[in-house]
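Asker: To be precise about what I am sending: the file is called data.txt and holds compact mmCIF, C-alpha atoms and all ligand atoms.
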# COMPACT_ATOMS: atom_id res chain seq x y z
CA MET A 1 -20.77 13.66 5.24
CA GLY A 2 -20.65 17.36 6.22
CA GLU A 3 -17.52 16.92 8.29
CA ILE A 4 -15.75 14.91 5.59
CA LYS A 5 -16.69 17.50 2.95
CA GLU A 6 -15.23 20.17 5.17
CA LYS A 7 -11.98 18.22 5.36
CA ALA A 8 -11.99 17.88 1.56
CA GLU A 9 -12.48 21.63 1.12
CA TYR A 10 -9.21 22.16 2.98
CA CYS A 11 -7.30 20.46 0.13
CA LEU A 12 -5.78 22.77 -2.48
CA ASN A 13 -5.92 20.19 -5.29
CA CYS A 14 -2.27 20.79 -6.12
CA LYS A 15 -1.42 20.08 -9.74
CA THR A 16 1.98 18.63 -8.82
CA LYS A 17 0.39 16.07 -6.41
CA PRO A 18 3.09 15.89 -3.74
CA CYS A 19 0.75 13.79 -1.59
CA THR A 20 0.44 11.18 -4.34
CA LYS A 21 4.22 11.10 -4.71
CA GLY A 22 4.44 10.29 -0.99
CA CYS A 23 2.00 7.38 -1.28
CA PRO A 24 3.61 3.97 -1.96
CA LEU A 25 0.52 3.00 -3.97
CA GLU A 26 0.40 6.36 -5.77
CA ASN A 27 -3.26 6.85 -4.89
CA ASN A 28 -4.59 9.76 -6.92
CA ILE A 29 -5.32 11.85 -3.84
CA PRO A 30 -6.23 15.27 -5.32
CA GLU A 31 -8.58 13.60 -7.79
CA PHE A 32 -10.50 11.55 -5.23
CA ILE A 33 -10.66 14.52 -2.86
CA ALA A 34 -12.14 16.63 -5.68
CA GLU A 35 -15.00 14.10 -5.85
CA VAL A 36 -15.48 14.19 -2.08
CA LYS A 37 -15.84 17.98 -2.41
CA GLN A 38 -18.69 17.35 -4.86
CA GLY A 39 -20.21 14.84 -2.43
CA ASP A 40 -19.68 12.00 -4.91
CA ILE A 41 -18.33 9.18 -2.74
CA LYS A 42 -19.04 6.60 -5.42
CA LYS A 43 -16.73 8.37 -7.88
CA ALA A 44 -14.12 8.94 -5.18
CA TYR A 45 -14.22 5.20 -4.50
CA GLN A 46 -13.72 4.38 -8.19
CA ILE A 47 -10.63 6.60 -8.34
CA LEU A 48 -9.16 5.19 -5.14
CA SER A 49 -9.88 1.62 -6.21
CA LYS A 50 -7.66 1.89 -9.26
CA THR A 51 -4.60 1.72 -7.02
CA THR A 52 -5.81 0.06 -3.83
CA VAL A 53 -8.26 -2.68 -2.91
CA LEU A 54 -8.05 -2.05 0.84
CA GLN A 55 -9.13 1.57 1.23
CA PRO A 56 -9.91 1.27 4.95
CA ILE A 57 -6.37 -0.01 5.52
CA CYS A 58 -4.93 2.97 3.63
CA GLY A 59 -7.15 5.13 5.81
CA LEU A 60 -6.58 3.56 9.20
CA ILE A 61 -3.26 1.72 9.26
CA CYS A 62 -0.85 3.53 6.90
CA PRO A 63 1.65 5.88 8.57
CA HIS A 64 0.18 8.98 6.92
CA MET A 65 2.59 11.44 8.45
CA SER A 66 5.55 9.74 6.81
CA GLN A 67 3.71 9.20 3.53
CA CYS A 68 0.85 11.18 1.91
CA GLN A 69 0.14 13.66 4.69
CA GLY A 70 3.83 14.11 5.37
CA ASN A 71 4.13 15.44 1.81
CA CYS A 72 1.02 17.63 1.85
CA VAL A 73 1.82 21.30 1.18
CA ARG A 74 -0.75 22.32 3.79
CA ARG A 75 1.64 21.14 6.50
CA PHE A 76 3.95 24.14 5.91
CA LYS A 77 1.47 26.57 7.44
CA GLY A 78 -0.53 24.27 9.68
CA GLU A 79 -2.05 20.82 9.60
CA PRO A 80 -1.87 18.63 6.50
CA THR A 81 -5.07 17.62 4.74
CA SER A 82 -6.80 14.69 6.49
CA ILE A 83 -6.19 12.24 3.65
CA GLY A 84 -6.29 9.13 5.82
CA GLU A 85 -9.63 10.02 7.38
CA MET A 86 -11.13 10.55 3.94
CA GLU A 87 -9.80 7.23 2.64
CA ALA A 88 -11.22 5.43 5.68
CA TYR A 89 -14.58 7.15 5.21
CA ILE A 90 -14.75 6.20 1.52
CA GLY A 91 -13.78 2.59 2.26
CA ARG A 92 -16.38 2.31 5.02
CA LYS A 93 -19.12 3.82 2.85
CA ALA A 94 -18.27 1.45 0.01
CA ILE A 95 -18.73 -1.55 2.33
CA GLU A 96 -21.91 -0.17 3.95
CA GLU A 97 -23.50 0.76 0.63
CA ASN A 98 -22.09 -2.18 -1.31
CA ILE A 99 -20.54 0.06 -3.95
CA PRO A 100 -19.03 -2.08 -6.71
CA PHE A 101 -15.71 -1.31 -8.34
CA GLU A 102 -16.63 -0.54 -11.95
CA GLU A 103 -13.75 -1.72 -14.04
CA LYS A 104 -13.32 -3.30 -17.41
CA LYS A 105 -11.94 -6.72 -16.53
CA GLN A 106 -9.24 -8.11 -18.75
CA ASN A 107 -10.13 -11.48 -20.29
CA LYS A 108 -9.05 -14.59 -18.40
CA ASN A 109 -5.56 -15.57 -19.51
CA GLY A 110 -5.88 -19.25 -18.59
CA LYS A 111 -3.13 -19.05 -15.96
CA LYS A 112 -3.54 -20.04 -12.32
CA VAL A 113 -1.70 -18.52 -9.37
CA ALA A 114 -1.54 -19.64 -5.73
CA VAL A 115 -1.06 -16.96 -3.09
CA VAL A 116 -0.07 -18.08 0.40
CA GLY A 117 -1.57 -15.95 3.15
CA GLY A 118 -4.61 -13.69 3.11
CA GLY A 119 -3.13 -10.65 4.84
CA PRO A 120 -3.14 -7.19 3.21
CA ALA A 121 -0.27 -8.08 0.86
CA GLY A 122 -1.82 -11.41 -0.18
CA LEU A 123 -5.25 -9.87 -0.79
CA THR A 124 -3.85 -6.94 -2.75
CA CYS A 125 -1.61 -9.14 -4.86
CA SER A 126 -4.53 -11.50 -5.55
CA ALA A 127 -6.89 -8.73 -6.54
CA PHE A 128 -4.49 -7.12 -8.99
CA LEU A 129 -3.60 -10.48 -10.53
CA ALA A 130 -7.31 -11.28 -10.89
CA ARG A 131 -7.86 -7.95 -12.61
CA LYS A 132 -5.19 -8.96 -15.10
CA GLY A 133 -6.99 -12.19 -15.93
CA TYR A 134 -5.31 -14.73 -13.62
CA GLU A 135 -7.33 -17.27 -11.68
CA VAL A 136 -6.13 -16.92 -8.10
CA THR A 137 -6.39 -19.24 -5.11
CA ILE A 138 -5.49 -17.83 -1.71
CA PHE A 139 -4.31 -20.35 0.89
CA GLU A 140 -5.35 -18.96 4.27
CA LYS A 141 -5.89 -20.74 7.58
CA HIS A 142 -8.62 -18.37 8.83
CA GLU A 143 -12.17 -19.05 7.70
CA LYS A 144 -13.39 -15.56 8.64
CA LEU A 145 -11.42 -13.91 5.89
CA ARG A 146 -13.07 -16.11 3.31
CA ARG A 147 -16.57 -15.05 4.35
CA HIS A 148 -15.78 -11.36 4.06
CA PHE A 149 -13.83 -11.41 0.82
CA ILE A 150 -15.28 -14.23 -1.22
CA SER A 151 -17.97 -12.22 -2.96
CA TRP A 152 -15.48 -9.53 -3.88
CA HIS A 153 -14.00 -11.08 -6.97
CA SER A 154 -15.25 -14.04 -8.97
CA ARG A 155 -11.72 -14.99 -10.01
CA ILE A 156 -10.44 -15.45 -6.46
CA SER A 157 -11.06 -18.57 -4.42
CA PHE A 158 -9.88 -19.60 -0.95
CA LYS A 159 -8.45 -22.75 0.56
CA SER A 160 -7.78 -23.24 4.26
S1 LIG A 201 -0.62 18.05 -1.22
FE1 LIG A 201 -2.24 18.34 0.31
S2 LIG A 201 -3.32 20.15 -0.38
FE2 LIG A 201 -2.11 19.45 -2.12
S3 LIG A 201 -3.49 18.09 -3.29
FE3 LIG A 201 -2.36 16.79 -1.86
S4 LIG A 201 -3.71 16.67 -0.07
FE4 LIG A 201 -4.42 18.40 -1.27
Do you think you could lay out the structure here as structure tokens?
Ligand code: SF4
Answerer:
Amino acid sequence: MGEIKEKAEYCLNCKTKPCTKGCPLENNIPEFIAEVKQGDIKKAYQILSKTTVLQPICGLICPHMSQCQGNCVRRFKGEPTSIGEMEAYIGRKAIEENIPFEEKKQNKNGKKVAVVGGGPAGLTCSAFLARKGYEVTIFEKHEKLRRHFISWHSRISFKS
């Protein structure tokens, strides 16, 4: 935690949020980093989860230097803030500590949606539709995915 807090302290919490503007998901980066500075990973996770359901993917796979970190003002006089590392840390902690996403679910709307493929796009699409009240079935050939994700949202089911 010490090392991650140190990385958070490096952020200037810019009011204009250029890092957020560089993020395709518009993750509220200064706001979640402010919580990491306070050592509140649970709150940081809640903020991040409003715009992404795959925080470790944001942290590990996104091309940060052409997105959030590539827009960080810190890069003008040195290294950009380590946004990706913080996102990965938060995502990992959430899984390890089983931190739930605390949201007010919209009521079920009685509509069903089928999503083909359980990759990052399929999972994200399914999660946001489920949040909006749809009942979602993901058609995915891999059984492993089902085991990991099934407990995540009661409105999502899987078919192989
Ligand atoms: S642009 Fe960089 S320094 Fe400014 S809030 Fe975003 S991450 Fe922090």
Asker: Rank A:Lys108, A:His64, A:Lys43, A:Lys132 by their smallest atom-to-atom distance to ligand LIG 201 (chain A), using all atoms listed in the file, and report the top residue only.
Answerer: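 That would be A:His64, the residue with the smallest distance to ligand LIG 201 (chain A).
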Asker: Which protein, DNA or RNA residues have an atom within 12 Å of ligand LIG 201 (chain A), counting only C-alpha atoms and all ligand atoms, as an MDAnalysis selection string?
Answerer: chainID A and resid 7:23 26:34 36:37 64:65 67:87
Asker: Report as a compact mmCIF listing (two decimals) with C-alpha atoms, in the frame of the given file all protein, DNA and RNA residues lying within 7 Å of A:Lys111, evaluated on all atoms listed in the file, omitting residues in the same chain fewer than 2 positions from it.
Answerer:
# COMPACT_ATOMS: atom_id res chain seq x y z
CA ASN A 109 -5.56 -15.57 -19.51
CA VAL A 113 -1.70 -18.52 -9.37
CA TYR A 134 -5.31 -14.73 -13.62
CA GLU A 135 -7.33 -17.27 -11.68
Asker: Between A:Lys159, A:Pro24, A:Ser66, A:Val53, which has the minimum distance to A:Thr124 (counting all atoms listed in the file)?
Answerer: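 Once distances to A:Thr124 are computed over all atoms listed in the file, the minimum belongs to A:Val53.
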Asker: Mind giving me the straight-line distance from atom CA of A:Thr52 to atom CA of A:Ile156 in Å, one decimal?
Answerer: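 Computing the Euclidean distance for atom CA of A:Thr52 and atom CA of A:Ile156 yields 16.4 Å.
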Asker: Please provide as a ChimeraX atom specification all residues within 12 Å of A:Pro100, with the sequence filter that same-chain residues fewer than 3 positions apart are discarded (counting all atoms listed in the file).
Answerer: /A:41-43,45-46,49,53,91,93-97,103,151-153
Asker: Quick check, in Å to one decimal: how far apart do atom CA of A:Glu6 and atom CA of A:Glu102 lie?
Answerer: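 Separating atom CA of A:Glu6 from atom CA of A:Glu102 is a distance of 26.9 Å.
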Asker: Ranking A:Gln106, A:Asn98, A:Tyr89, A:Phe128 by minimum distance to A:Lys50 and counting all atoms listed in the file, which one comes first?
Answerer: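 Using all atoms listed in the file, the shortest distance to A:Lys50 belongs to A:Phe128.
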Asker: Nearest to A:Gly2: which of A:Pro63, A:Gly110, A:Gly39, A:Gly117 is it, counting only C-alpha atoms?
Answerer: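 Looking at the shortest contact to A:Gly2, the residue is A:Gly39.
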